[in-house]
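Reading through the structure tokens given below for one structure.
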Amino acid sequence: MNETTATVSEYKIGHTTYMVKTTFNPAFRENLSDILKRLIIRDCEDFLGESRQEQDKQAV
């Protein structure tokens, strides 16, 4: 039996209210901290890759 857990969050930006539903499947192999860690590492690698390209262009 696959039961998912859902959380609803409310965010107000200006005069607009956003209702965000977050759903996690407990049968999934990765937990939330694993997912966040993977996303942060990917973002850092993308950022460093872009800055390295800029440095290479300046050196030429």
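How things are named: the first chain in the structure tokens is A, the next is B, and so on; residues count from 1 in each chain; ligands count from 1 in the order shown.
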Spatial neighbours of Thr22 of chain A, 9 Å, only C-alpha atoms, chain gap at least 4 places, as JSON, numbers by chain: {"A": [5, 6, 7, 8, 9]}
Output C-alpha atoms for every residue in that selection, as a tab-separated table (two decimals), in the first residue's frame.
chain	number	residue	atom	x	y	z
A	5	THR	CA	1.72	12.46	2.72
A	6	ALA	CA	0.80	15.96	1.64
A	7	THR	CA	1.43	19.37	3.17
A	8	VAL	CA	-0.31	22.56	2.09
A	9	SER	CA	1.49	25.87	2.55
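Of note, atom CA of Glu50 of chain A and atom CA of Leu36 of chain A are spaced 21.2 Å apart.
For the pair atom CA of Tyr11 of chain A and atom CA of Leu32 of chain A, the interatomic distance is 20.6 Å.
For the pair atom CA of Thr23 of chain A and atom CA of Glu10 of chain A, the interatomic distance is 14.6 Å.
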